[in-house]
Structure formats: structure tokens, C-alpha cells
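S.K.: Enclosed is the structure file input_12.cif (mmCIF, C-alpha atoms; chains and numbers go by the auth columns).
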```cif
data_upload
#
loop_
_atom_site.group_PDB
_atom_site.id
_atom_site.type_symbol
_atom_site.label_atom_id
_atom_site.label_comp_id
_atom_site.label_asym_id
_atom_site.label_seq_id
_atom_site.Cartn_x
_atom_site.Cartn_y
_atom_site.Cartn_z
_atom_site.B_iso_or_equiv
_atom_site.auth_seq_id
_atom_site.auth_asym_id
ATOM 1 C CA GLN A 1 0.000 0.000 0.000 0.00 954 A
ATOM 2 C CA VAL A 2 1.381 3.377 -1.035 0.00 955 A
ATOM 3 C CA GLN A 3 1.484 5.950 1.730 0.00 956 A
ATOM 4 C CA LEU A 4 2.657 9.521 2.046 0.00 957 A
ATOM 5 C CA VAL A 5 2.399 11.060 5.506 0.00 958 A
ATOM 6 C CA GLU A 6 3.180 14.740 6.007 0.00 959 A
ATOM 7 C CA SER A 7 3.960 16.471 9.273 0.00 960 A
ATOM 8 C CA GLY A 8 5.418 19.709 10.565 0.00 961 A
ATOM 9 C CA GLY A 9 2.799 22.290 9.679 0.00 962 A
ATOM 10 C CA ASP A 10 2.119 24.979 12.274 0.00 963 A
ATOM 11 C CA LEU A 11 1.301 28.613 12.952 0.00 964 A
ATOM 12 C CA VAL A 12 4.430 30.761 12.668 0.00 965 A
ATOM 13 C CA GLN A 13 5.154 34.474 12.649 0.00 966 A
ATOM 14 C CA PRO A 14 6.419 36.226 9.520 0.00 967 A
ATOM 15 C CA GLY A 15 10.162 35.723 9.201 0.00 968 A
ATOM 16 C CA GLY A 16 10.008 32.420 11.048 0.00 969 A
ATOM 17 C CA SER A 17 10.963 28.925 9.945 0.00 970 A
ATOM 18 C CA LEU A 18 9.344 25.513 9.688 0.00 971 A
ATOM 19 C CA ARG A 19 10.463 22.111 8.449 0.00 972 A
ATOM 20 C CA LEU A 20 7.912 19.857 6.807 0.00 973 A
ATOM 21 C CA SER A 21 8.467 16.125 6.566 0.00 974 A
ATOM 22 C CA CYS A 22 6.915 13.522 4.286 0.00 975 A
ATOM 23 C CA ALA A 23 7.436 9.859 5.059 0.00 976 A
ATOM 24 C CA ALA A 24 6.848 7.748 1.961 0.00 977 A
ATOM 25 C CA SER A 25 6.431 4.092 1.198 0.00 978 A
ATOM 26 C CA ARG A 26 9.743 2.616 0.171 0.00 979 A
ATOM 27 C CA SER A 27 8.206 1.209 -2.992 0.00 980 A
ATOM 28 C CA ILE A 28 7.696 4.666 -4.488 0.00 981 A
ATOM 29 C CA PHE A 29 10.378 6.709 -2.791 0.00 982 A
ATOM 30 C CA THR A 30 13.259 5.207 -4.731 0.00 983 A
ATOM 31 C CA ILE A 31 11.478 5.389 -8.080 0.00 984 A
ATOM 32 C CA TYR A 32 9.680 8.702 -8.322 0.00 985 A
ATOM 33 C CA ALA A 33 10.569 12.334 -8.110 0.00 986 A
ATOM 34 C CA MET A 34 9.061 13.845 -4.978 0.00 987 A
ATOM 35 C CA ALA A 35 7.386 17.228 -4.810 0.00 988 A
ATOM 36 C CA TRP A 36 5.840 19.668 -2.401 0.00 989 A
ATOM 37 C CA CYS A 37 2.719 21.415 -3.636 0.00 990 A
ATOM 38 C CA ARG A 38 0.565 23.920 -1.798 0.00 991 A
ATOM 39 C CA GLN A 39 -2.948 25.249 -2.011 0.00 992 A
ATOM 40 C CA ALA A 40 -4.095 28.476 -0.454 0.00 993 A
ATOM 41 C CA PRO A 41 -7.800 29.228 0.117 0.00 994 A
ATOM 42 C CA GLY A 42 -9.489 30.160 -3.131 0.00 995 A
ATOM 43 C CA LYS A 43 -6.401 29.441 -5.210 0.00 996 A
ATOM 44 C CA GLN A 44 -5.214 26.618 -7.398 0.00 997 A
ATOM 45 C CA ARG A 45 -2.731 24.086 -6.151 0.00 998 A
ATOM 46 C CA GLU A 46 0.815 25.113 -7.119 0.00 999 A
ATOM 47 C CA LEU A 47 4.177 23.433 -7.310 0.00 1000 A
ATOM 48 C CA VAL A 48 6.641 24.624 -4.678 0.00 1001 A
ATOM 49 C CA ALA A 49 9.672 22.354 -5.042 0.00 1002 A
ATOM 50 C CA THR A 50 10.747 19.050 -6.543 0.00 1003 A
ATOM 51 C CA ILE A 51 13.566 16.587 -5.981 0.00 1004 A
ATOM 52 C CA THR A 52 14.495 13.658 -8.193 0.00 1005 A
ATOM 53 C CA PRO A 53 15.767 10.270 -6.972 0.00 1006 A
ATOM 54 C CA THR A 54 19.271 11.585 -7.719 0.00 1007 A
ATOM 55 C CA SER A 55 18.580 14.744 -5.668 0.00 1008 A
ATOM 56 C CA THR A 56 18.289 17.250 -8.492 0.00 1009 A
ATOM 57 C CA THR A 57 16.096 20.052 -7.190 0.00 1010 A
ATOM 58 C CA ALA A 58 13.868 22.759 -8.631 0.00 1011 A
ATOM 59 C CA TYR A 59 11.876 25.569 -7.000 0.00 1012 A
ATOM 60 C CA LYS A 60 9.054 27.973 -7.608 0.00 1013 A
ATOM 61 C CA ASP A 61 10.598 31.410 -8.168 0.00 1014 A
ATOM 62 C CA SER A 62 8.951 33.004 -5.154 0.00 1015 A
ATOM 63 C CA VAL A 63 10.523 30.501 -2.725 0.00 1016 A
ATOM 64 C CA LYS A 64 14.042 30.358 -4.181 0.00 1017 A
ATOM 65 C CA GLY A 65 16.614 31.222 -1.543 0.00 1018 A
ATOM 66 C CA ARG A 66 14.084 30.677 1.266 0.00 1019 A
ATOM 67 C CA PHE A 67 12.970 27.041 0.900 0.00 1020 A
ATOM 68 C CA THR A 68 15.132 23.946 0.598 0.00 1021 A
ATOM 69 C CA ILE A 69 13.896 20.507 -0.429 0.00 1022 A
ATOM 70 C CA SER A 70 15.951 17.474 0.549 0.00 1023 A
ATOM 71 C CA ARG A 71 15.596 13.735 0.894 0.00 1024 A
ATOM 72 C CA ASP A 72 16.867 11.076 3.253 0.00 1025 A
ATOM 73 C CA ASN A 73 16.924 7.843 1.290 0.00 1026 A
ATOM 74 C CA ALA A 74 17.590 5.701 4.370 0.00 1027 A
ATOM 75 C CA LYS A 75 14.384 6.996 5.960 0.00 1028 A
ATOM 76 C CA SER A 76 12.343 7.289 2.734 0.00 1029 A
ATOM 77 C CA THR A 77 11.554 10.834 3.801 0.00 1030 A
ATOM 78 C CA VAL A 78 11.534 14.132 1.961 0.00 1031 A
ATOM 79 C CA TYR A 79 11.816 17.458 3.760 0.00 1032 A
ATOM 80 C CA LEU A 80 10.964 21.061 3.016 0.00 1033 A
ATOM 81 C CA GLN A 81 12.914 23.547 5.100 0.00 1034 A
ATOM 82 C CA MET A 82 11.113 26.876 4.949 0.00 1035 A
ATOM 83 C CA ASN A 83 12.877 30.027 6.161 0.00 1036 A
ATOM 84 C CA SER A 84 11.928 33.702 6.077 0.00 1037 A
ATOM 85 C CA LEU A 85 8.276 32.744 5.865 0.00 1038 A
ATOM 86 C CA LYS A 86 5.790 35.274 4.546 0.00 1039 A
ATOM 87 C CA PRO A 87 2.020 35.533 4.989 0.00 1040 A
ATOM 88 C CA GLU A 88 1.621 34.579 1.322 0.00 1041 A
ATOM 89 C CA ASP A 89 3.197 31.200 2.116 0.00 1042 A
ATOM 90 C CA THR A 90 0.075 30.329 4.091 0.00 1043 A
ATOM 91 C CA ALA A 91 -1.468 27.215 2.564 0.00 1044 A
ATOM 92 C CA VAL A 92 -2.047 23.527 2.956 0.00 1045 A
ATOM 93 C CA TYR A 93 1.174 21.819 1.873 0.00 1046 A
ATOM 94 C CA TYR A 94 0.963 18.442 0.180 0.00 1047 A
ATOM 95 C CA CYS A 95 3.588 15.844 -0.540 0.00 1048 A
ATOM 96 C CA ASN A 96 3.400 14.274 -3.998 0.00 1049 A
ATOM 97 C CA ALA A 97 5.164 11.351 -5.627 0.00 1050 A
ATOM 98 C CA GLY A 98 5.204 10.603 -9.312 0.00 1051 A
ATOM 99 C CA GLY A 99 3.030 13.501 -10.425 0.00 1052 A
ATOM 100 C CA ARG A 100 3.704 16.314 -12.891 0.00 1053 A
ATOM 101 C CA ALA A 101 3.089 19.959 -11.976 0.00 1054 A
ATOM 102 C CA CYS A 102 0.947 18.869 -9.027 0.00 1055 A
ATOM 103 C CA GLN A 103 -1.256 16.660 -11.156 0.00 1056 A
ATOM 104 C CA GLY A 104 -1.628 12.934 -10.714 0.00 1057 A
ATOM 105 C CA GLY A 105 0.632 10.576 -8.816 0.00 1058 A
ATOM 106 C CA TYR A 106 0.322 9.795 -5.141 0.00 1059 A
ATOM 107 C CA TRP A 107 -0.673 12.299 -2.463 0.00 1060 A
ATOM 108 C CA GLY A 108 -0.429 12.777 1.263 0.00 1061 A
ATOM 109 C CA GLN A 109 -3.216 14.214 3.396 0.00 1062 A
ATOM 110 C CA GLY A 110 -1.678 17.693 3.633 0.00 1063 A
ATOM 111 C CA THR A 111 -0.363 19.788 6.500 0.00 1064 A
ATOM 112 C CA GLN A 112 -1.465 23.344 7.307 0.00 1065 A
ATOM 113 C CA VAL A 113 1.099 26.137 7.352 0.00 1066 A
ATOM 114 C CA THR A 114 -0.132 29.500 8.612 0.00 1067 A
ATOM 115 C CA VAL A 115 2.135 32.537 8.623 0.00 1068 A
ATOM 116 C CA SER A 116 0.625 35.313 10.676 0.00 1069 A
ATOM 117 C CA SER A 117 1.461 37.734 13.439 0.00 1070 A
#
```
Go ahead and render the structure in this file as C-alpha cells.

M.R.:
Amino acid sequence: QVQLVESGGDLVQPGGSLRLSCAASRSIFTIYAMAWCRQAPGKQRELVATITPTSTTAYKDSVKGRFTISRDNAKSTVYLQMNSLKPEDTAVYYCNAGGRACQGGYWGQGTQVTVSS
């Protein structure tokens, strides 16, 4: 059974940091590129960052220099380190495996990130 389980979402003040984690089933972690997508209220889901099985990364322009995606192959876990958070980063963050531009593939249940003073 394929599983993606996110954790780490929270309420944080602007300028703060959070680290999201996504624990994945081993069967998909070693095969697929992993991604973090987010969806804010009233907006479409958008791609935030991706990482391939060989750790090549890519980022949405607005998070470059602030967010870092990484993976721990021994733990089948992908992380999203988020620094210098802004109110516009507020969204539900989803972990995705095997999709393209936040379409298709396997999904976690999402974790809420709220950036507010």
C-alpha cells in the first residue's frame, strides 16, 4: 500500500521557519521524483519544489533562496525547510510522488502552514 504522511505544519510568525516532513512508502520513494505542492484558500494548487531520486532540485521562483527541499533515502523521507516565511506562504502543503506539476501521482493528506502575526 502506497502511503505519504506529512507532518510539521504549524502557525508561525512572519520571518520564522518551519520544516515539513513527508514519510513515503519505500516502494515509491526510490522510483519517483518527490514534490511539495501547496494550495491556499481560493487558489489553485501550485508546485513549490521538486527533488528527483538523484537529488536534483527545482523551486518555484517566489521561494528560491528561502525554501530547501531534501531527501533522506535511508528513511524514505523528503523534507521542506522553509525560512523567512511570509504571509503569502500560508497554505495547505501536500507531498506528492510521481506527479507532474501537481497533477496525478500519489498524495499525502496535507499539513497546514499558517504565517501570521

S.K.: Can you pull out every residue within 10 Å of segment 1027-1039 of chain A, counting only C-alpha atoms, but drop anything in the same chain fewer than 5 positions away, and send it as a ChimeraX atom specification?

M.R.: /A:957-961,965-983,987-989,1001-1004,1016,1018-1022,1046,1048,1066-1069

S.K.: Could you name the residues that touch Gln1065 of chain A at 8 Å or less, counting all atoms listed in the file, but leaving out those on the same chain fewer than 4 positions away, as a list in words?

M.R.: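 Listed by chain and then number, they are Gly962, Asp963, Thr1043, Ala1044, Val1045 and Tyr1046 of chain A.
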
S.K.: Can you turn the PyMOL selection byres ((chain A and resi 1060) around 7) into a concrete residue list for this file, as JSON, numbers by chain?

M.R.: {"A": [957, 1047, 1048, 1049, 1050, 1058, 1059, 1061, 1062]}

S.K.: What does the file look like for those residues with C-alpha atoms, as a short mmCIF file (atom, residue, chain, number, x, y, z; two decimals), in the coordinates of the input?

M.R.:
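Saved the output as out-v8.cif:
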```
data_model
loop_
_atom_site.label_atom_id
_atom_site.label_comp_id
_atom_site.auth_asym_id
_atom_site.auth_seq_id
_atom_site.Cartn_x
_atom_site.Cartn_y
_atom_site.Cartn_z
CA LEU A 957 2.66 9.52 2.05
CA TYR A 1047 0.96 18.44 0.18
CA CYS A 1048 3.59 15.84 -0.54
CA ASN A 1049 3.40 14.27 -4.00
CA ALA A 1050 5.16 11.35 -5.63
CA GLY A 1058 0.63 10.58 -8.82
CA TYR A 1059 0.32 9.80 -5.14
CA GLY A 1061 -0.43 12.78 1.26
CA GLN A 1062 -3.22 14.21 3.40
#
```

S.K.: Quick one: pull the distance between atom CA of Ile984 of chain A and atom CA of Leu1000 of chain A, Å, one decimal.

M.R.: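 For atom CA of Ile984 of chain A relative to atom CA of Leu1000 of chain A, the distance reads 19.5 Å.
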
S.K.: Assuming the chain letters and numbering stay as they are in my file, what does the PyMOL selection byres ((chain A and resi 1054) around 8) actually select? List them as a ChimeraX atom specification.

M.R.: /A:999-1000,1052-1053,1055-1056

S.K.: To verify the selection step, state as a list in words which residues the PyMOL selection byres ((chain A and resi 1007) around 10) yields on this input.

M.R.: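 For this structure, the PyMOL selection byres ((chain A and resi 1007) around 10) captures Thr983, Ile984, Ala986, Ile1004, Thr1005, Pro1006, Ser1008, Thr1009, Thr1010 and Arg1024 of chain A.
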
S.K.: Just the number, please: distance in Å from atom CA of Glu1041 of chain A to atom CA of Ser1023 of chain A, one decimal.

M.R.: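 So the two atoms, atom CA of Glu1041 of chain A and atom CA of Ser1023 of chain A, lie 22.3 Å apart.
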
S.K.: So the first atom is atom CA of Asn1026 of chain A and the second is atom CA of Arg998 of chain A; what is the distance between them in Å, to one decimal place?

M.R.: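 Computing it gives 26.6 Å between the two atoms.
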